[in-house]
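Heads up, the thing below is written out as structure tokens.
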Amino acid sequence: LTTRHPLSSQVLNGFVLALNASTYLLVAQPPLDAQPASVYRDDMGCSANLGSGDGVQGCVCHLDMADSADGGYTVADDVAECGQALVARTNVDFAHRGFLFLVVNALFINEAVFVPTIIADKRFFAREHGARAYSVLAWHLAWLVKLGLTAALKALFYTPCFYFLGQLRLDATAYLAAAFATGGMGFAGSAVAMLITTLMPGLGAATTAFGCAVLLYQNVCGFFLPIAAIPPYLLWLAWSSVFTYGYYAIINSQQLGTVMTGAGENVEDRLVFAFCFVLYAWCFLFHGVAYAITRAYSSHHATYLGPDGPRSAQTRRAAAAAA
């Protein structure tokens, strides 16, 4: 495989992810003197000894019962502050989810560059395979290794581009989950590109099909439309979308609550990594299906005509006729 991503493309992709993080910060905290987004997202106005498990509604608007008993604090005094905290929390939470969705979306769409690359390489493969010089398995394994290494590099270099600038959780497990999701979404995009170019060898049709796959995955992943709101007979679309697993993994790694039900409960780390595992499983499934289709389509080989090509065939036919 001689085709490669230019370094400028990789740098530009990293810049796009950093730009998404910057946009999130501008939406989440427009005033320069505002508190960091993490203050609203993590503290939500709660005291150190209170939490949602102590009966505090949402851990935002709470009444300090000790101060209230002394007459020094009333509900009326808390109305303005509580309303501002609720608005700030809602805005930051939506911007936070939107930012992470943009990251997942950008990582997948970036892999559209592989559509023309694979199609161009398949022309050389068809020639070499027809001459029995290149097997289907070797060709697909070469692409699998290349795309897997590309995904690993993106997990290594792209994750810092958006993670720290976006003020995400400074936790090793959360960062590792985000890195796995980052590499997984890149791997998923290239795997879908491989499958589509196998089904549709034409550049125009394959590019259009890739765009349709992006739109479908976006709308059923749980960001625009909650999974709970999708009709039961269409749930298979949500669970076959690679966006669903990438989005769930990175959202729940930040402990934003279960996006499947819209509830506020946290998700265990093992479930976050389970989302990542299923995401990679879909990628390998797409590659397996693409291999099976290519093998079935490319089962015929060219006939060897000898060192002199057609002239050797004519000589053999003439000798056979004379005999």
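Labeling convention for the structure tokens: chains A, B, ... as they appear, residues from 1 per chain, ligands from 1 in order of appearance.
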
Shell around Ser253 in chain A at 10 Å using only C-alpha atoms, local window under 6 positions removed, as a list in words: Leu168, Arg169, Asp171, Thr173, Ala174, Tyr175, Leu176, Ala177, Ala178, Ala181, Tyr247, Asn266, Val267, Glu268, Asp269, Leu271, Val272 and Phe273 of chain A

Picked from range 65-304 of chain A by DSSP as helix (DSSP H, G or I), as a PyMOL selection string: chain A and resi 65-69+75-130+136-157+159-163+172-199+203-219+227-229+232-239+242-253+269-297

Thr150 in chain A environment, 12 Å, only C-alpha atoms, sequence neighbours closer than 6 positions dropped, as an MDAnalysis selection string: chainID A and resid 4:5 10 107 110:111 114 143:144 156:158 182:191

A:His96, A:Arg270, A:His287, A:Arg295 ranked by distance to Gln167 in chain A, top pick (using only C-alpha atoms): A:His96

Polymer residues at most 7 Å from Thr244 in chain A, only C-alpha atoms, same-chain spacing of 6 or more positions, as a PyMOL selection string: chain A and resi 221-222+238
